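For reference, data_23.cif is printed below; it contains mmCIF, C-alpha atoms; chains and numbers go by the auth columns.
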```cif
data_protein
loop_
_atom_site.group_PDB
_atom_site.id
_atom_site.type_symbol
_atom_site.label_atom_id
_atom_site.label_comp_id
_atom_site.label_asym_id
_atom_site.label_seq_id
_atom_site.Cartn_x
_atom_site.Cartn_y
_atom_site.Cartn_z
_atom_site.B_iso_or_equiv
_atom_site.auth_seq_id
_atom_site.auth_asym_id
ATOM 1 C CA MET A 1 13.591 -4.889 4.720 0.00 1 A
ATOM 2 C CA VAL A 2 13.718 -6.072 8.322 0.00 2 A
ATOM 3 C CA GLY A 3 17.056 -4.336 8.743 0.00 3 A
ATOM 4 C CA VAL A 4 15.573 -1.086 7.456 0.00 4 A
ATOM 5 C CA LEU A 5 12.607 -1.306 9.829 0.00 5 A
ATOM 6 C CA ARG A 6 14.773 -2.128 12.840 0.00 6 A
ATOM 7 C CA ALA A 7 17.640 0.250 12.134 0.00 7 A
ATOM 8 C CA PRO A 8 17.904 3.331 14.303 0.00 8 A
ATOM 9 C CA ASP A 9 17.948 6.583 12.410 0.00 9 A
ATOM 10 C CA GLY A 10 20.629 9.187 12.137 0.00 10 A
ATOM 11 C CA PRO A 11 24.220 9.593 11.072 0.00 11 A
ATOM 12 C CA GLY A 12 26.707 7.196 12.537 0.00 12 A
ATOM 13 C CA THR A 13 24.104 4.604 13.549 0.00 13 A
ATOM 14 C CA GLY A 14 24.725 2.247 10.686 0.00 14 A
ATOM 15 C CA SER A 15 21.450 3.141 8.987 0.00 15 A
ATOM 16 C CA ASP A 16 22.754 6.180 7.122 0.00 16 A
ATOM 17 C CA THR A 17 23.217 4.587 3.711 0.00 17 A
ATOM 18 C CA GLY A 18 23.945 7.754 1.783 0.00 18 A
ATOM 19 C CA ARG A 19 21.167 6.860 -0.667 0.00 19 A
ATOM 20 C CA GLY A 20 19.245 10.080 -0.186 0.00 20 A
ATOM 21 C CA PRO A 21 16.455 11.092 2.143 0.00 21 A
ATOM 22 C CA ARG A 22 14.514 8.434 3.983 0.00 22 A
ATOM 23 C CA PRO A 23 10.862 8.005 3.118 0.00 23 A
ATOM 24 C CA GLY A 24 8.393 9.798 5.331 0.00 24 A
ATOM 25 C CA LEU A 25 4.856 11.064 5.270 0.00 25 A
ATOM 26 C CA ASP A 26 5.745 13.491 2.486 0.00 26 A
ATOM 27 C CA GLY A 27 5.980 10.442 0.215 0.00 27 A
ATOM 28 C CA LEU A 28 2.713 8.882 1.345 0.00 28 A
ATOM 29 C CA ASP A 29 0.666 9.937 -1.685 0.00 29 A
ATOM 30 C CA ARG A 30 3.217 8.429 -4.039 0.00 30 A
ATOM 31 C CA LEU A 31 3.450 5.222 -1.970 0.00 31 A
ATOM 32 C CA MET A 32 -0.311 4.739 -2.163 0.00 32 A
ATOM 33 C CA ALA A 33 -0.486 5.632 -5.867 0.00 33 A
ATOM 34 C CA ASP A 34 2.372 3.269 -6.731 0.00 34 A
ATOM 35 C CA SER A 35 0.970 0.391 -4.665 0.00 35 A
ATOM 36 C CA GLY A 36 -1.272 -0.893 -7.463 0.00 36 A
ATOM 37 C CA LEU A 37 -4.109 -1.124 -4.924 0.00 37 A
ATOM 38 C CA ASP A 38 -7.438 0.649 -4.549 0.00 38 A
ATOM 39 C CA VAL A 39 -6.393 2.895 -1.636 0.00 39 A
ATOM 40 C CA THR A 40 -8.318 5.709 0.022 0.00 40 A
ATOM 41 C CA LEU A 41 -6.980 8.056 2.689 0.00 41 A
ATOM 42 C CA THR A 42 -9.080 9.357 5.578 0.00 42 A
ATOM 43 C CA GLY A 43 -8.180 11.741 8.346 0.00 43 A
ATOM 44 C CA GLU A 44 -5.436 14.314 8.355 0.00 44 A
ATOM 45 C CA VAL A 45 -1.871 13.180 7.780 0.00 45 A
ATOM 46 C CA PRO A 46 0.182 14.665 10.638 0.00 46 A
ATOM 47 C CA ARG A 47 2.835 17.041 9.336 0.00 47 A
ATOM 48 C CA ASP A 48 3.813 18.548 12.691 0.00 48 A
ATOM 49 C CA VAL A 49 5.266 15.454 14.386 0.00 49 A
ATOM 50 C CA GLY A 50 8.906 14.515 14.804 0.00 50 A
ATOM 51 C CA PRO A 51 10.875 12.752 12.068 0.00 51 A
ATOM 52 C CA ALA A 52 10.917 9.395 13.871 0.00 52 A
ATOM 53 C CA VAL A 53 7.122 9.407 14.180 0.00 53 A
ATOM 54 C CA ARG A 54 6.732 10.440 10.525 0.00 54 A
ATOM 55 C CA ARG A 55 8.972 7.553 9.427 0.00 55 A
ATOM 56 C CA ALA A 56 7.223 5.062 11.719 0.00 56 A
ATOM 57 C CA ALA A 57 3.809 6.092 10.363 0.00 57 A
ATOM 58 C CA TYR A 58 5.074 5.834 6.780 0.00 58 A
ATOM 59 C CA ARG A 59 6.638 2.409 7.418 0.00 59 A
ATOM 60 C CA THR A 60 3.391 1.193 8.976 0.00 60 A
ATOM 61 C CA VAL A 61 1.474 2.106 5.826 0.00 61 A
ATOM 62 C CA GLN A 62 4.239 0.727 3.592 0.00 62 A
ATOM 63 C CA GLU A 63 4.334 -2.657 5.329 0.00 63 A
ATOM 64 C CA ALA A 64 0.548 -2.924 5.453 0.00 64 A
ATOM 65 C CA LEU A 65 0.254 -2.219 1.718 0.00 65 A
ATOM 66 C CA THR A 66 2.963 -4.798 1.023 0.00 66 A
ATOM 67 C CA ASN A 67 1.023 -7.352 3.075 0.00 67 A
ATOM 68 C CA VAL A 68 -2.202 -6.570 1.215 0.00 68 A
ATOM 69 C CA ARG A 69 -0.457 -7.063 -2.145 0.00 69 A
ATOM 70 C CA LYS A 70 0.909 -10.416 -0.971 0.00 70 A
ATOM 71 C CA HIS A 71 -2.043 -11.819 0.938 0.00 71 A
ATOM 72 C CA ALA A 72 -5.146 -9.996 -0.315 0.00 72 A
ATOM 73 C CA PRO A 73 -4.563 -8.728 -3.859 0.00 73 A
ATOM 74 C CA GLY A 74 -7.572 -6.988 -5.301 0.00 74 A
ATOM 75 C CA SER A 75 -8.957 -5.850 -1.972 0.00 75 A
ATOM 76 C CA ALA A 76 -9.794 -2.227 -1.226 0.00 76 A
ATOM 77 C CA VAL A 77 -7.652 -0.477 1.380 0.00 77 A
ATOM 78 C CA GLU A 78 -8.392 2.422 3.710 0.00 78 A
ATOM 79 C CA VAL A 79 -5.441 4.240 5.271 0.00 79 A
ATOM 80 C CA ALA A 80 -6.639 6.322 8.196 0.00 80 A
ATOM 81 C CA PHE A 81 -4.916 8.844 10.455 0.00 81 A
ATOM 82 C CA HIS A 82 -6.432 10.044 13.716 0.00 82 A
ATOM 83 C CA ARG A 83 -5.088 12.171 16.558 0.00 83 A
ATOM 84 C CA SER A 84 -5.994 10.853 19.969 0.00 84 A
ATOM 85 C CA GLY A 85 -4.734 12.842 22.943 0.00 85 A
ATOM 86 C CA THR A 86 -0.955 12.882 22.720 0.00 86 A
ATOM 87 C CA ALA A 87 -0.689 10.282 19.970 0.00 87 A
ATOM 88 C CA VAL A 88 -1.311 9.800 16.298 0.00 88 A
ATOM 89 C CA GLU A 89 -3.060 6.595 15.283 0.00 89 A
ATOM 90 C CA VAL A 90 -2.524 4.929 11.923 0.00 90 A
ATOM 91 C CA THR A 91 -4.771 2.139 10.683 0.00 91 A
ATOM 92 C CA VAL A 92 -4.656 0.351 7.356 0.00 92 A
ATOM 93 C CA ALA A 93 -7.786 -1.731 6.834 0.00 93 A
ATOM 94 C CA ASN A 94 -8.353 -3.913 3.827 0.00 94 A
ATOM 95 C CA THR A 95 -11.469 -5.702 2.671 0.00 95 A
ATOM 96 C CA VAL A 96 -11.538 -9.400 2.035 0.00 96 A
ATOM 97 C CA ASP A 97 -9.393 -10.310 -0.952 0.00 97 A
ATOM 98 C CA ARG A 98 -11.058 -10.635 -4.328 0.00 98 A
ATOM 99 C CA HIS A 99 -8.205 -12.542 -5.956 0.00 99 A
ATOM 100 C CA PRO A 100 -6.198 -15.561 -4.825 0.00 100 A
ATOM 101 C CA ALA A 101 -3.265 -14.727 -2.554 0.00 101 A
ATOM 102 C CA LEU A 102 0.138 -14.881 -4.196 0.00 102 A
ATOM 103 C CA GLY A 103 1.224 -17.738 -1.950 0.00 103 A
ATOM 104 C CA LEU A 104 4.410 -15.968 -0.925 0.00 104 A
ATOM 105 C CA PRO A 105 5.996 -17.073 2.343 0.00 105 A
ATOM 106 C CA SER A 106 5.699 -14.850 5.370 0.00 106 A
ATOM 107 C CA ALA A 107 7.690 -15.008 8.573 0.00 107 A
ATOM 108 C CA ARG A 108 5.908 -11.896 9.927 0.00 108 A
ATOM 109 C CA HIS A 109 9.226 -10.046 10.180 0.00 109 A
ATOM 110 C CA GLY A 110 7.662 -6.874 8.807 0.00 110 A
ATOM 111 C CA LEU A 111 5.053 -6.748 11.551 0.00 111 A
ATOM 112 C CA ILE A 112 7.658 -7.583 14.167 0.00 112 A
ATOM 113 C CA GLY A 113 9.851 -4.740 12.930 0.00 113 A
ATOM 114 C CA LEU A 114 6.922 -2.322 12.978 0.00 114 A
ATOM 115 C CA ARG A 115 6.016 -3.351 16.523 0.00 115 A
ATOM 116 C CA GLU A 116 9.615 -2.836 17.645 0.00 116 A
ATOM 117 C CA ARG A 117 9.768 0.592 15.977 0.00 117 A
ATOM 118 C CA ALA A 118 6.490 1.690 17.612 0.00 118 A
ATOM 119 C CA GLU A 119 7.629 0.446 21.032 0.00 119 A
ATOM 120 C CA GLN A 120 10.960 2.267 20.755 0.00 120 A
ATOM 121 C CA LEU A 121 8.959 5.467 20.307 0.00 121 A
ATOM 122 C CA GLY A 122 6.795 4.680 23.333 0.00 122 A
ATOM 123 C CA GLY A 123 3.879 3.511 21.205 0.00 123 A
ATOM 124 C CA ALA A 124 2.330 0.217 20.220 0.00 124 A
ATOM 125 C CA LEU A 125 1.290 -1.795 17.174 0.00 125 A
ATOM 126 C CA SER A 126 -1.563 -4.258 17.048 0.00 126 A
ATOM 127 C CA HIS A 127 -3.127 -6.170 14.190 0.00 127 A
ATOM 128 C CA GLY A 128 -5.929 -8.586 13.615 0.00 128 A
ATOM 129 C CA PRO A 129 -8.819 -9.517 11.375 0.00 129 A
ATOM 130 C CA THR A 130 -11.676 -7.202 10.484 0.00 130 A
ATOM 131 C CA PRO A 131 -15.278 -8.428 10.826 0.00 131 A
ATOM 132 C CA ASP A 132 -15.527 -8.868 7.039 0.00 132 A
ATOM 133 C CA GLY A 133 -12.386 -11.011 6.758 0.00 133 A
ATOM 134 C CA GLY A 134 -9.792 -8.351 5.987 0.00 134 A
ATOM 135 C CA CYS A 135 -6.839 -7.300 8.112 0.00 135 A
ATOM 136 C CA LEU A 136 -6.323 -4.266 10.330 0.00 136 A
ATOM 137 C CA PRO A 137 -2.878 -3.200 11.518 0.00 137 A
ATOM 138 C CA HIS A 138 -3.126 -0.298 13.981 0.00 138 A
ATOM 139 C CA ALA A 139 -0.196 1.807 15.214 0.00 139 A
ATOM 140 C CA ARG A 140 -0.418 4.265 18.093 0.00 140 A
ATOM 141 C CA LEU A 141 2.591 6.593 18.062 0.00 141 A
ATOM 142 C CA PRO A 142 3.254 9.394 20.582 0.00 142 A
ATOM 143 C CA LEU A 143 3.185 12.771 18.847 0.00 143 A
ATOM 144 C CA GLY A 144 6.686 13.645 20.026 0.00 144 A
ATOM 145 C CA GLY A 145 8.110 10.128 20.012 0.00 145 A
ATOM 146 C CA ALA A 146 10.326 8.861 22.811 0.00 146 A
ATOM 147 C CA ALA A 147 13.624 10.686 23.192 0.00 147 A
ATOM 148 C CA HIS A 148 15.520 7.439 22.680 0.00 148 A
ATOM 149 C CA GLY A 149 13.380 6.240 19.745 0.00 149 A
ATOM 150 C CA PRO A 150 14.508 5.856 16.141 0.00 150 A
#
```

Would you mind writing the structure in this file as structure tokens?
Amino acid sequence: MVGVLRAPDGPGTGSDTGRGPRPGLDGLDRLMADSGLDVTLTGEVPRDVGPAVRRAAYRTVQEALTNVRKHAPGSAVEVAFHRSGTAVEVTVANTVDRHPALGLPSARHGLIGLRERAEQLGGALSHGPTPDGGCLPHARLPLGGAAHGP
């Protein structure tokens, strides 16, 4: 998974696996439905941004939902999109977990990969606890994405 998050996009870059189209915001509804979590979506999902930004936003949601399943199963999740100036912001907030965590190891590679992807686009990723004990990853991605970004 870390290789997927860190891989640049496009033919000839080593990330073109020939396994079909890469996931993007068009697959967001299915990702949330298949997560097995109580997920709500707020804000408008940006459809008019570049492919690298769409993939980065999708991967942010994907990694956050994976982390909720591992570390806070049974919690409610809110995926939110917001346009702010020249950027799209993606937050994935979860409530405190209602069931014991799965106890799976975590080296935080997913978050590191997401931060690297956001930075390559000229954006940023932050994360931290919510006041009620949940977690809140937040990505700020430029609408156009950096010219050299994935």

Next item on the list: Starting from the shown file, work through the PyMOL selection byres ((chain A and resi 145) around 12) and note down what comes out as an MDAnalysis selection string.
Entry: chainID A and resid 48:57 86:88 117:124 140:144 146:150

Check: Which one is closest to Gln62 (chain A): A:Leu31, A:Leu114, A:Ala93, A:Leu136? Count all atoms listed in the file.
Finding: A:Leu31

Note to self: For a test of reading the model, state the distance in Å between CA of Gly24 (chain A) and CA of Gly85 (chain A), rounded to one decimal.
What the structure shows: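 It comes out at 22.2 Å.
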
Next item on the list: Convert the output of the PyMOL selection byres ((chain A and resi 35) around 12) on the shown file into explicit residues, formatted as a list in words.
Entry: Leu28, Asp29, Arg30, Leu31, Met32, Ala33, Asp34, Gly36, Leu37, Asp38, Val39, Thr40, Val61, Gln62, Glu63, Ala64, Leu65, Thr66, Asn67, Val68, Arg69, Lys70, Pro73, Gly74, Ala76 and Val77 of chain A

Checklist line | Atom-to-atom span, CA of Ser126 (chain A) and CA of Ala72 (chain A), Å | finding: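 Distance between the two atoms: 18.6 Å.
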
Next item on the list: May I have the protein, DNA and RNA residues with an atom at most 9 Å from (1.9, -9.5, 15.9), counting all atoms listed in the file in the file's coordinates, returned as an NGL selection string?
Entry: :A and (108 or 111-112 or 115 or 125-128)

Would you save the residues of that selection, restricted to C-alpha atoms, as a short mmCIF file (atom, residue, chain, number, x, y, z; two decimals), in the frame of the given file?
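Contents of the output file selection09.cif:
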```
data_model
loop_
_atom_site.label_atom_id
_atom_site.label_comp_id
_atom_site.auth_asym_id
_atom_site.auth_seq_id
_atom_site.Cartn_x
_atom_site.Cartn_y
_atom_site.Cartn_z
CA ARG A 108 5.91 -11.90 9.93
CA LEU A 111 5.05 -6.75 11.55
CA ILE A 112 7.66 -7.58 14.17
CA ARG A 115 6.02 -3.35 16.52
CA LEU A 125 1.29 -1.80 17.17
CA SER A 126 -1.56 -4.26 17.05
CA HIS A 127 -3.13 -6.17 14.19
CA GLY A 128 -5.93 -8.59 13.62
#
```

Checklist line | Separation of CA of Arg47 (chain A) from CA of Arg59 (chain A) in Å | finding: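 Interatomic distance, CA of Arg59 (chain A) to CA of Arg47 (chain A): 15.2 Å.
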
Output as AutoDock Vina command-line options the centre and edge lengths (Å, one decimal) of the box along x, y and z of the file that holds every listed atom of region 71-76 of chain A after adding 8 Å on each side.
```
--center_x -5.9 --center_y -7.0 --center_z -2.2 --size_x 23.8 --size_y 25.6 --size_z 22.2
```

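Of the residues listed (A:His71, A:Thr60, A:Thr91, A:Phe81), A:Thr60 shows the shortest atom-to-atom separation from Gly110 (chain A); distances use only C-alpha atoms.
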
Checklist line | Evaluate the PyMOL selection byres ((chain A and resi 95) around 8) and report residues as an NGL selection string | finding: :A and (75-77 or 93-94 or 96-97 or 130 or 132-135)
